[in-house]
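Asker: Got a structure for you, protein.tsv, holding TSV, C-alpha atoms.
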```
chain	number	residue	atom	x	y	z
A	1	MET	CA	0.00	0.00	0.00
A	2	GLN	CA	1.28	3.47	-0.86
A	3	TRP	CA	0.80	6.03	1.86
A	4	GLY	CA	1.21	9.61	0.72
A	5	ILE	CA	1.77	12.63	2.93
A	6	SER	CA	-0.58	15.49	2.13
A	7	LYS	CA	1.19	18.72	1.22
A	8	THR	CA	-1.44	20.87	2.87
A	9	ILE	CA	-1.98	19.01	6.15
A	10	VAL	CA	1.21	17.52	7.46
A	11	VAL	CA	-0.41	15.08	9.87
A	12	GLU	CA	-2.65	13.59	7.21
A	13	VAL	CA	-1.70	10.51	5.20
A	14	SER	CA	-3.84	8.64	2.75
A	15	ALA	CA	-3.93	5.54	0.61
A	16	SER	CA	-6.31	4.30	-2.03
A	17	GLN	CA	-6.78	0.98	-3.75
A	18	ARG	CA	-9.30	-0.54	-6.17
A	19	PHE	CA	-10.62	-4.06	-5.71
A	20	PRO	CA	-12.70	-6.28	-8.00
A	21	GLY	CA	-16.29	-6.46	-6.73
A	22	ARG	CA	-16.25	-10.08	-5.69
A	23	TYR	CA	-16.38	-11.81	-2.32
A	24	GLU	CA	-12.82	-13.10	-2.73
A	25	SER	CA	-11.67	-9.47	-2.54
A	26	LEU	CA	-12.90	-9.21	1.06
A	27	THR	CA	-9.68	-10.79	2.36
A	28	LYS	CA	-7.52	-8.27	0.45
A	29	ILE	CA	-9.71	-5.36	1.53
A	30	ALA	CA	-9.36	-6.55	5.14
A	31	GLU	CA	-5.55	-6.53	4.79
A	32	PHE	CA	-5.73	-2.97	3.42
A	33	ILE	CA	-7.91	-1.86	6.34
A	34	ARG	CA	-5.71	-3.60	8.94
A	35	CYS	CA	-2.73	-1.72	7.53
A	36	ALA	CA	-4.59	1.60	7.82
A	37	CYS	CA	-5.69	0.75	11.38
A	38	ALA	CA	-2.09	-0.07	12.30
A	39	GLN	CA	-1.05	3.34	10.95
A	40	ALA	CA	-3.79	4.89	13.09
A	41	GLY	CA	-2.49	3.08	16.17
A	42	PHE	CA	-5.71	1.20	16.86
A	43	ASP	CA	-5.55	-1.81	19.18
A	44	SER	CA	-6.39	-5.29	17.87
A	45	CYS	CA	-10.03	-5.21	19.04
A	46	THR	CA	-10.72	-1.82	17.42
A	47	THR	CA	-8.91	-2.93	14.27
A	48	TYR	CA	-11.03	-6.07	14.11
A	49	SER	CA	-14.26	-4.12	14.59
A	50	VAL	CA	-13.37	-1.63	11.82
A	51	GLU	CA	-12.47	-4.59	9.59
A	52	THR	CA	-15.92	-6.01	10.36
A	53	ALA	CA	-17.71	-2.76	9.44
A	54	VAL	CA	-15.83	-2.45	6.14
A	55	ASP	CA	-16.45	-6.11	5.32
A	56	GLU	CA	-20.18	-5.56	5.87
A	57	ALA	CA	-20.16	-2.45	3.69
A	58	CYS	CA	-18.27	-4.15	0.85
A	59	SER	CA	-20.50	-7.24	1.03
A	60	ASN	CA	-23.52	-4.92	0.70
A	61	ILE	CA	-21.93	-3.20	-2.32
A	62	ILE	CA	-21.36	-6.54	-4.08
A	63	GLU	CA	-24.76	-7.97	-3.14
A	64	HIS	CA	-27.01	-4.92	-3.41
A	65	ALA	CA	-25.29	-2.16	-5.43
A	66	TYR	CA	-23.83	-4.45	-8.10
A	67	GLY	CA	-26.36	-7.25	-7.62
A	68	GLY	CA	-23.67	-9.91	-7.88
A	69	GLU	CA	-19.98	-10.60	-8.25
A	70	ASP	CA	-17.65	-9.26	-10.96
A	71	ILE	CA	-19.97	-6.48	-12.08
A	72	GLY	CA	-17.81	-3.56	-10.98
A	73	GLU	CA	-15.04	-2.38	-8.68
A	74	ILE	CA	-14.85	-1.11	-5.12
A	75	CYS	CA	-12.52	1.81	-4.52
A	76	CYS	CA	-11.30	1.96	-0.94
A	77	THR	CA	-9.57	5.11	0.32
A	78	CYS	CA	-8.21	5.61	3.82
A	79	HIS	CA	-7.40	9.05	5.19
A	80	LEU	CA	-5.44	9.04	8.38
A	81	GLU	CA	-6.03	12.28	10.22
A	82	GLU	CA	-4.72	13.52	13.53
A	83	ASP	CA	-7.63	12.26	15.60
A	84	ARG	CA	-9.42	9.79	13.33
A	85	LEU	CA	-9.35	7.32	10.46
A	86	VAL	CA	-11.68	8.09	7.56
A	87	ILE	CA	-12.53	5.22	5.21
A	88	ILE	CA	-14.26	6.01	1.92
A	89	LEU	CA	-15.81	3.24	-0.18
A	90	GLN	CA	-16.95	4.06	-3.70
A	91	ASP	CA	-18.81	1.95	-6.23
A	92	ASN	CA	-20.62	2.46	-9.51
A	93	GLY	CA	-23.51	0.16	-8.80
A	94	LYS	CA	-27.18	0.97	-8.47
A	95	PRO	CA	-27.66	4.35	-6.77
A	96	PHE	CA	-28.05	3.82	-3.06
A	97	LYS	CA	-31.20	5.36	-1.66
A	98	PRO	CA	-30.72	5.86	2.07
A	99	GLU	CA	-34.37	6.93	2.41
A	100	LYS	CA	-35.37	3.36	1.54
A	101	PHE	CA	-33.51	2.04	4.57
A	102	ARG	CA	-34.32	2.72	8.17
A	103	ILE	CA	-31.14	3.74	9.96
A	104	PRO	CA	-30.60	1.27	12.80
A	105	LYS	CA	-30.74	2.77	16.26
A	106	ASP	CA	-28.95	1.61	19.38
A	107	THR	CA	-32.27	1.30	21.11
A	108	ILE	CA	-33.72	-1.17	18.63
A	109	PRO	CA	-33.53	-4.61	20.23
A	110	LEU	CA	-31.46	-7.21	18.49
A	111	LYS	CA	-34.44	-9.56	18.30
A	112	LYS	CA	-35.89	-7.31	15.64
A	113	TYR	CA	-32.85	-7.96	13.46
A	114	LYS	CA	-32.90	-11.66	14.20
A	115	ARG	CA	-36.33	-11.87	12.67
A	116	LYS	CA	-35.10	-10.40	9.42
A	117	LYS	CA	-33.69	-13.17	7.34
A	118	LYS	CA	-31.20	-11.34	5.19
A	119	GLN	CA	-31.68	-7.63	5.66
A	120	GLY	CA	-30.32	-4.98	7.92
A	121	LEU	CA	-27.77	-6.91	9.92
A	122	GLY	CA	-24.76	-5.58	8.01
A	123	LEU	CA	-26.00	-2.00	8.29
A	124	TYR	CA	-26.71	-2.56	11.99
A	125	PHE	CA	-23.09	-3.70	12.48
A	126	ILE	CA	-21.73	-0.69	10.58
A	127	TYR	CA	-23.68	1.80	12.69
A	128	LYS	CA	-22.82	-0.01	15.92
A	129	ILE	CA	-19.10	-0.10	15.21
A	130	MET	CA	-18.26	3.16	13.44
A	131	ASP	CA	-18.44	6.62	15.02
A	132	GLU	CA	-19.78	8.33	11.89
A	133	VAL	CA	-21.51	6.89	8.82
A	134	SER	CA	-22.65	8.86	5.77
A	135	PHE	CA	-23.87	8.05	2.27
A	136	ALA	CA	-23.74	10.11	-0.92
A	137	THR	CA	-24.72	9.34	-4.50
A	138	SER	CA	-23.84	11.28	-7.63
A	139	PRO	CA	-24.01	10.44	-11.34
A	140	SER	CA	-20.29	11.17	-11.79
A	141	GLU	CA	-18.84	9.42	-8.73
A	142	GLY	CA	-21.44	6.75	-8.04
A	143	ASN	CA	-22.11	5.71	-4.47
A	144	THR	CA	-19.82	6.97	-1.72
A	145	LEU	CA	-19.92	5.57	1.78
A	146	THR	CA	-17.82	7.39	4.38
A	147	LEU	CA	-16.95	5.63	7.62
A	148	VAL	CA	-15.15	7.37	10.48
A	149	LYS	CA	-13.47	5.90	13.54
A	150	TYR	CA	-11.97	8.23	16.11
A	151	LYS	CA	-8.77	7.38	17.92
A	152	SER	CA	-10.42	8.29	21.21
A	153	SER	CA	-14.03	9.16	22.06
A	154	PRO	CA	-15.78	11.00	19.21
A	155	PRO	CA	-16.70	14.65	19.72
A	156	PRO	CA	-20.24	15.22	21.02
A	157	GLN	CA	-22.92	15.56	18.35
A	158	ALA	CA	-24.06	19.11	17.63
B	1	MET	CA	-11.74	-21.62	5.24
B	2	ASN	CA	-11.19	-25.18	6.44
B	3	ILE	CA	-13.73	-27.17	8.43
B	4	THR	CA	-13.05	-30.30	10.43
B	5	GLN	CA	-15.64	-32.29	12.33
B	6	LYS	CA	-15.56	-34.74	15.19
B	7	GLN	CA	-18.54	-36.64	16.46
B	8	PHE	CA	-18.81	-37.42	20.16
B	9	LYS	CA	-21.42	-39.59	21.87
B	10	ARG	CA	-23.58	-36.65	22.92
B	11	CYS	CA	-22.47	-33.81	20.66
B	12	ASP	CA	-20.62	-32.76	17.52
B	13	LEU	CA	-17.49	-30.61	17.48
B	14	ILE	CA	-16.96	-28.51	14.39
B	15	SER	CA	-13.67	-26.65	14.08
B	16	VAL	CA	-13.24	-23.82	11.63
B	17	GLU	CA	-9.98	-22.33	10.42
B	18	GLY	CA	-9.85	-18.98	8.59
B	19	ARG	CA	-12.45	-16.37	7.68
B	20	ILE	CA	-16.21	-16.83	7.92
B	21	ASP	CA	-17.49	-14.12	5.58
B	22	SER	CA	-19.90	-13.75	2.66
B	23	ALA	CA	-17.64	-15.93	0.53
B	24	THR	CA	-17.32	-18.81	2.98
B	25	ALA	CA	-20.50	-18.67	5.10
B	26	PRO	CA	-22.42	-20.96	2.69
B	27	GLN	CA	-19.76	-23.65	3.24
B	28	LEU	CA	-20.22	-23.41	7.02
B	29	ALA	CA	-24.01	-23.46	6.62
B	30	GLU	CA	-23.72	-26.64	4.57
B	31	ALA	CA	-21.57	-28.33	7.23
B	32	LEU	CA	-23.92	-27.36	10.06
B	33	GLU	CA	-27.01	-28.36	8.08
B	34	ALA	CA	-25.48	-31.79	7.45
B	35	ILE	CA	-25.21	-32.32	11.21
B	36	THR	CA	-28.74	-31.14	12.02
B	37	ALA	CA	-30.16	-33.05	9.05
B	38	ALA	CA	-28.71	-36.18	10.67
B	39	GLY	CA	-30.81	-35.42	13.75
B	40	ARG	CA	-27.93	-34.14	15.88
B	41	TYR	CA	-28.61	-30.80	17.51
B	42	LYS	CA	-25.92	-30.47	20.19
B	43	ILE	CA	-23.10	-28.71	18.41
B	44	ILE	CA	-19.88	-27.01	19.50
B	45	LEU	CA	-18.24	-24.54	17.15
B	46	ASP	CA	-14.55	-24.31	17.97
B	47	CYS	CA	-13.45	-20.80	16.96
B	48	CYS	CA	-9.81	-21.12	18.08
B	49	ASN	CA	-8.49	-20.72	14.53
B	50	VAL	CA	-11.20	-18.42	13.19
B	51	SER	CA	-9.68	-15.14	12.06
B	52	PHE	CA	-12.90	-13.30	11.19
B	53	ILE	CA	-16.70	-13.65	11.41
B	54	SER	CA	-18.94	-11.32	9.41
B	55	SER	CA	-22.69	-10.84	9.78
B	56	ALA	CA	-23.14	-13.44	7.01
B	57	GLY	CA	-21.35	-15.95	9.23
B	58	LEU	CA	-23.31	-14.89	12.30
B	59	ARG	CA	-26.55	-15.24	10.38
B	60	VAL	CA	-25.61	-18.88	9.76
B	61	LEU	CA	-24.92	-19.39	13.46
B	62	VAL	CA	-28.19	-17.72	14.52
B	63	ASN	CA	-30.21	-19.83	12.08
B	64	THR	CA	-28.47	-22.98	13.32
B	65	GLN	CA	-29.10	-21.95	16.92
B	66	LYS	CA	-32.81	-21.48	16.19
B	67	ASN	CA	-32.95	-24.90	14.54
B	68	CYS	CA	-31.06	-26.61	17.37
B	69	LYS	CA	-33.11	-25.02	20.17
B	70	ARG	CA	-36.44	-25.85	18.55
B	71	TYR	CA	-38.38	-28.34	20.72
B	72	ASN	CA	-35.58	-27.97	23.28
B	73	ARG	CA	-33.66	-30.64	21.40
B	74	GLY	CA	-30.21	-29.11	21.56
B	75	GLU	CA	-28.03	-26.04	21.30
B	76	LEU	CA	-25.15	-24.52	19.39
B	77	VAL	CA	-22.38	-23.34	21.69
B	78	LEU	CA	-19.13	-21.54	20.90
B	79	ALA	CA	-15.68	-22.34	22.23
B	80	GLN	CA	-12.29	-20.64	22.22
B	81	ILE	CA	-13.37	-17.38	20.62
B	82	PRO	CA	-10.38	-15.07	19.99
B	83	GLU	CA	-10.51	-11.91	22.09
B	84	ASN	CA	-10.92	-9.48	19.18
B	85	ILE	CA	-13.85	-11.44	17.73
B	86	ARG	CA	-15.51	-11.70	21.15
B	87	SER	CA	-15.07	-7.98	21.69
B	88	THR	CA	-16.93	-7.17	18.46
B	89	LEU	CA	-19.63	-9.77	19.17
B	90	ASP	CA	-20.12	-8.07	22.54
B	91	LEU	CA	-20.31	-4.66	20.85
B	92	VAL	CA	-23.08	-5.75	18.48
B	93	GLY	CA	-24.89	-7.75	21.16
B	94	PHE	CA	-24.39	-11.26	19.83
B	95	THR	CA	-22.68	-12.88	22.81
B	96	GLU	CA	-26.02	-13.14	24.61
B	97	LEU	CA	-27.29	-15.51	21.94
B	98	PHE	CA	-24.73	-18.25	22.55
B	99	LYS	CA	-23.11	-20.00	25.49
B	100	ILE	CA	-19.40	-19.43	25.22
B	101	PHE	CA	-16.72	-21.71	26.65
B	102	ASN	CA	-13.04	-20.99	27.07
B	103	ASP	CA	-12.08	-24.51	25.98
B	104	THR	CA	-13.66	-27.34	24.01
B	105	LEU	CA	-13.40	-29.80	26.90
B	106	SER	CA	-15.77	-27.68	28.99
B	107	ALA	CA	-18.10	-27.33	26.01
B	108	VAL	CA	-18.20	-31.10	25.47
B	109	GLY	CA	-18.80	-31.54	29.20
B	110	TYR	CA	-21.75	-29.12	29.02
B	111	PHE	CA	-23.67	-31.64	26.92
```
As structure tokens, please, write out the structure in this file.
Answerer:
Amino acid sequence: MQWGISKTIVVEVSASQRFPGRYESLTKIAEFIRCACAQAGFDSCTTYSVETAVDEACSNIIEHAYGGEDIGEICCTCHLEEDRLVIILQDNGKPFKPEKFRIPKDTIPLKKYKRKKKQGLGLYFIYKIMDEVSFATSPSEGNTLTLVKYKSSPPPQA
Amino acid sequence: MNITQKQFKRCDLISVEGRIDSATAPQLAEALEAITAAGRYKIILDCCNVSFISSAGLRVLVNTQKNCKRYNRGELVLAQIPENIRSTLDLVGFTELFKIFNDTLSAVGYF
């Protein structure tokens, strides 16, 4: 992985890599994320949890955005900032419509997710694990999912 | 992912090595279904050499647990879960769904 030092913000480093949109890529993506987490100084449990969130997100891209394997690529970019790791996942699959999905809440009991056979669990994991989650869709850049993990406790929500 | 199985008098021990993710979860589901299809519902999953479990893998375990617990005929228990996996399972609230043992001997003894 190539880590480049930003010219404008000295403390910031970033790396980007493209992966084929197939389940076999999940292992390689995990290696990429572990490397970024190591750069961020995360402990093994935090690293594993971030790896889990990214795995869920990439599995969703393959299954739902592309609707199957080998349809398109997943671009994974990691920005290491002073206080946090920002992971950006981009795909050119079907436009993601966040309004169609109910954002999981901490207060929703797990039993509700157990009843769902195949839906929502990955998204539930992502929201549980990451400190910030945001989606964007544009015709030029496709779907962009931004995941943030702070090195210590995240700042209070405004 | 590699799966090895051992059948005891009162339970089955299934040991997994590697990642349980969207790519490999169907293979684990197949192995667990083969055991339950044979009418054996007391199962130990040895996670000692598991490096990763995604929600796809957990979905397989939850479905197997539901199947095993039906009619109070058995249970799926987990053994030797690596600390980082257990930490994430705790975070997402999955550890309450399974009995967890520190070693397989205790898990076998449970049945």
Asker: At what distance in Å, to one decimal, does atom CA of B:Ile43 lie from atom CA of B:Ile14?
Answerer: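 It comes out at 7.3 Å.
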Asker: Output the contact residues of chain B with respect to chain A at a cut-off of 12 Å, based on all atoms listed in the file, as an NGL selection string.
Answerer: :B and (1 or 18-25 or 51-63 or 65-66 or 82-97)
Asker: Take atom CA of A:Pro20 and atom CA of A:Phe96 and report the distance between them in Å, one decimal.
Answerer: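 The value is 19.0 Å.
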Asker: From the set A:Ala15, A:Met130, A:Ala65, A:Ala40, which residue has the shortest atom-to-atom contact distance to A:Cys78, counting only C-alpha atoms?
Answerer: A:Ala15
Asker: Between atom CA of B:Phe111 and atom CA of B:Lys42, what is the distance in Å, rounded to a tenth?
Answerer: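 So the answer is 7.2 Å.
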Asker: Need the shell around stretch 142-147 of chain A: protein/DNA/RNA residues with any atom at most 9 Å away, counting all atoms listed in the file. Skip same-chain ones fewer than 3 positions apart. Format as a PDB file with C-alpha atoms, in the frame of the given file?
Answerer:
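The resulting around-v7.pdb:
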```
ATOM      1  CA  ALA A  53     -17.710  -2.760   9.440  1.00  0.00           C
ATOM      2  CA  VAL A  54     -15.830  -2.450   6.140  1.00  0.00           C
ATOM      3  CA  ALA A  57     -20.160  -2.450   3.690  1.00  0.00           C
ATOM      4  CA  ALA A  65     -25.290  -2.160  -5.430  1.00  0.00           C
ATOM      5  CA  LEU A  85      -9.350   7.320  10.460  1.00  0.00           C
ATOM      6  CA  VAL A  86     -11.680   8.090   7.560  1.00  0.00           C
ATOM      7  CA  ILE A  87     -12.530   5.220   5.210  1.00  0.00           C
ATOM      8  CA  ILE A  88     -14.260   6.010   1.920  1.00  0.00           C
ATOM      9  CA  LEU A  89     -15.810   3.240  -0.180  1.00  0.00           C
ATOM     10  CA  GLN A  90     -16.950   4.060  -3.700  1.00  0.00           C
ATOM     11  CA  ASP A  91     -18.810   1.950  -6.230  1.00  0.00           C
ATOM     12  CA  ASN A  92     -20.620   2.460  -9.510  1.00  0.00           C
ATOM     13  CA  GLY A  93     -23.510   0.160  -8.800  1.00  0.00           C
ATOM     14  CA  LYS A  94     -27.180   0.970  -8.470  1.00  0.00           C
ATOM     15  CA  PRO A  95     -27.660   4.350  -6.770  1.00  0.00           C
ATOM     16  CA  PHE A  96     -28.050   3.820  -3.060  1.00  0.00           C
ATOM     17  CA  ILE A 126     -21.730  -0.690  10.580  1.00  0.00           C
ATOM     18  CA  MET A 130     -18.260   3.160  13.440  1.00  0.00           C
ATOM     19  CA  ASP A 131     -18.440   6.620  15.020  1.00  0.00           C
ATOM     20  CA  GLU A 132     -19.780   8.330  11.890  1.00  0.00           C
ATOM     21  CA  VAL A 133     -21.510   6.890   8.820  1.00  0.00           C
ATOM     22  CA  SER A 134     -22.650   8.860   5.770  1.00  0.00           C
ATOM     23  CA  PHE A 135     -23.870   8.050   2.270  1.00  0.00           C
ATOM     24  CA  ALA A 136     -23.740  10.110  -0.920  1.00  0.00           C
ATOM     25  CA  THR A 137     -24.720   9.340  -4.500  1.00  0.00           C
ATOM     26  CA  SER A 138     -23.840  11.280  -7.630  1.00  0.00           C
ATOM     27  CA  PRO A 139     -24.010  10.440 -11.340  1.00  0.00           C
TER      28      PRO A 139
END
```
Asker: Extract, using only C-alpha atoms, all DNA, RNA and protein residues at most 10 Å from B:Lys6, discarding same-chain residues fewer than 5 positions from it, and format them as a JSON list (two decimals) with C-alpha atoms, keeping the file's coordinate frame.
Answerer:
```json
[["chain", "number", "residue", "atom", "x", "y", "z"],
["B", 11, "CYS", "CA", -22.47, -33.81, 20.66],
["B", 12, "ASP", "CA", -20.62, -32.76, 17.52],
["B", 13, "LEU", "CA", -17.49, -30.61, 17.48],
["B", 14, "ILE", "CA", -16.96, -28.51, 14.39],
["B", 15, "SER", "CA", -13.67, -26.65, 14.08],
["B", 44, "ILE", "CA", -19.88, -27.01, 19.50]]
```
Asker: Report as JSON the centre and the edge lengths, in Å to one decimal, of the axis-aligned box holding every listed atom of stretch 76-91 of chain A, padded by 5 Å on each side.
Answerer:
```
{"center_x": -11.8, "center_y": 7.7, "center_z": 4.7, "size_x": 24.1, "size_y": 21.6, "size_z": 31.8}
```
Asker: Find the spatial neighbours of B:Cys68, counting only C-alpha atoms, within a cut-off of 8 Å - ignore same-chain residues fewer than 5 positions away - and output them as a PyMOL selection string.
Answerer: chain B and resi 36+41-42+73-76
Asker: Could you write out the selected residues, including C-alpha atoms, as a compact mmCIF listing (two decimals), in the coordinates of the input?
Answerer:
```
# COMPACT_ATOMS: atom_id res chain seq x y z
CA THR B 36 -28.74 -31.14 12.02
CA TYR B 41 -28.61 -30.80 17.51
CA LYS B 42 -25.92 -30.47 20.19
CA ARG B 73 -33.66 -30.64 21.40
CA GLY B 74 -30.21 -29.11 21.56
CA GLU B 75 -28.03 -26.04 21.30
CA LEU B 76 -25.15 -24.52 19.39
```
Asker: Can you give me N, CA, C and O atoms for stretch 6-28 of chain B, written as a JSON list (two decimals), keeping the file's coordinate frame?
Answerer:
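Saved the output as out.json:
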```
[["chain", "number", "residue", "atom", "x", "y", "z"],
["B", 6, "LYS", "N", -15.78, -33.58, 14.35],
["B", 6, "LYS", "CA", -15.56, -34.74, 15.19],
["B", 6, "LYS", "C", -16.88, -35.04, 15.90],
["B", 6, "LYS", "O", -17.51, -34.13, 16.45],
["B", 7, "GLN", "N", -17.28, -36.28, 15.83],
["B", 7, "GLN", "CA", -18.54, -36.64, 16.46],
["B", 7, "GLN", "C", -18.30, -37.34, 17.79],
["B", 7, "GLN", "O", -17.57, -38.33, 17.85],
["B", 8, "PHE", "N", -18.88, -36.79, 18.85],
["B", 8, "PHE", "CA", -18.81, -37.42, 20.16],
["B", 8, "PHE", "C", -20.14, -38.13, 20.41],
["B", 8, "PHE", "O", -21.08, -38.01, 19.63],
["B", 9, "LYS", "N", -20.21, -38.84, 21.57],
["B", 9, "LYS", "CA", -21.42, -39.59, 21.87],
["B", 9, "LYS", "C", -22.64, -38.67, 21.99],
["B", 9, "LYS", "O", -23.70, -38.97, 21.48],
["B", 10, "ARG", "N", -22.43, -37.53, 22.65],
["B", 10, "ARG", "CA", -23.58, -36.65, 22.92],
["B", 10, "ARG", "C", -23.57, -35.34, 22.14],
["B", 10, "ARG", "O", -24.51, -34.55, 22.24],
["B", 11, "CYS", "N", -22.50, -35.09, 21.40],
["B", 11, "CYS", "CA", -22.47, -33.81, 20.66],
["B", 11, "CYS", "C", -21.49, -33.90, 19.48],
["B", 11, "CYS", "O", -20.75, -34.87, 19.35],
["B", 12, "ASP", "N", -21.53, -32.86, 18.66],
["B", 12, "ASP", "CA", -20.62, -32.76, 17.52],
["B", 12, "ASP", "C", -19.72, -31.54, 17.70],
["B", 12, "ASP", "O", -20.20, -30.46, 18.08],
["B", 13, "LEU", "N", -18.44, -31.73, 17.41],
["B", 13, "LEU", "CA", -17.49, -30.61, 17.48],
["B", 13, "LEU", "C", -17.11, -30.23, 16.06],
["B", 13, "LEU", "O", -16.65, -31.08, 15.28],
["B", 14, "ILE", "N", -17.32, -28.97, 15.73],
["B", 14, "ILE", "CA", -16.96, -28.51, 14.39],
["B", 14, "ILE", "C", -15.92, -27.39, 14.55],
["B", 14, "ILE", "O", -16.15, -26.42, 15.26],
["B", 15, "SER", "N", -14.77, -27.62, 13.95],
["B", 15, "SER", "CA", -13.67, -26.65, 14.08],
["B", 15, "SER", "C", -13.45, -25.94, 12.75],
["B", 15, "SER", "O", -13.35, -26.58, 11.70],
["B", 16, "VAL", "N", -13.39, -24.63, 12.83],
["B", 16, "VAL", "CA", -13.24, -23.82, 11.63],
["B", 16, "VAL", "C", -11.91, -23.10, 11.67],
["B", 16, "VAL", "O", -11.51, -22.58, 12.72],
["B", 17, "GLU", "N", -11.25, -23.05, 10.52],
["B", 17, "GLU", "CA", -9.98, -22.33, 10.42],
["B", 17, "GLU", "C", -10.09, -21.29, 9.30],
["B", 17, "GLU", "O", -10.49, -21.64, 8.18],
["B", 18, "GLY", "N", -9.82, -20.03, 9.62],
["B", 18, "GLY", "CA", -9.85, -18.98, 8.59],
["B", 18, "GLY", "C", -11.01, -18.03, 8.76],
["B", 18, "GLY", "O", -11.54, -17.86, 9.86],
["B", 19, "ARG", "N", -11.40, -17.40, 7.66],
["B", 19, "ARG", "CA", -12.45, -16.37, 7.68],
["B", 19, "ARG", "C", -13.83, -16.95, 7.42],
["B", 19, "ARG", "O", -13.99, -17.78, 6.52],
["B", 20, "ILE", "N", -14.81, -16.49, 8.20],
["B", 20, "ILE", "CA", -16.21, -16.83, 7.92],
["B", 20, "ILE", "C", -16.85, -15.53, 7.45],
["B", 20, "ILE", "O", -17.22, -14.67, 8.26],
["B", 21, "ASP", "N", -16.91, -15.34, 6.13],
["B", 21, "ASP", "CA", -17.49, -14.12, 5.58],
["B", 21, "ASP", "C", -18.50, -14.48, 4.49],
["B", 21, "ASP", "O", -18.91, -15.64, 4.38],
["B", 22, "SER", "N", -18.89, -13.49, 3.70],
["B", 22, "SER", "CA", -19.90, -13.75, 2.66],
["B", 22, "SER", "C", -19.46, -14.83, 1.68],
["B", 22, "SER", "O", -20.30, -15.53, 1.11],
["B", 23, "ALA", "N", -18.14, -14.94, 1.47],
["B", 23, "ALA", "CA", -17.64, -15.93, 0.53],
["B", 23, "ALA", "C", -17.69, -17.34, 1.09],
["B", 23, "ALA", "O", -17.91, -18.31, 0.36],
["B", 24, "THR", "N", -17.47, -17.47, 2.39],
["B", 24, "THR", "CA", -17.32, -18.81, 2.98],
["B", 24, "THR", "C", -18.49, -19.25, 3.85],
["B", 24, "THR", "O", -18.59, -20.44, 4.19],
["B", 25, "ALA", "N", -19.37, -18.32, 4.22],
["B", 25, "ALA", "CA", -20.50, -18.67, 5.10],
["B", 25, "ALA", "C", -21.36, -19.81, 4.54],
["B", 25, "ALA", "O", -21.80, -20.68, 5.31],
["B", 26, "PRO", "N", -21.62, -19.85, 3.22],
["B", 26, "PRO", "CA", -22.42, -20.96, 2.69],
["B", 26, "PRO", "C", -21.80, -22.33, 2.97],
["B", 26, "PRO", "O", -22.51, -23.31, 3.21],
["B", 27, "GLN", "N", -20.47, -22.38, 2.96],
["B", 27, "GLN", "CA", -19.76, -23.65, 3.24],
["B", 27, "GLN", "C", -19.98, -24.08, 4.69],
["B", 27, "GLN", "O", -20.21, -25.26, 4.98],
["B", 28, "LEU", "N", -19.96, -23.11, 5.61],
["B", 28, "LEU", "CA", -20.22, -23.41, 7.02],
["B", 28, "LEU", "C", -21.67, -23.83, 7.21],
["B", 28, "LEU", "O", -21.96, -24.78, 7.95]]
```
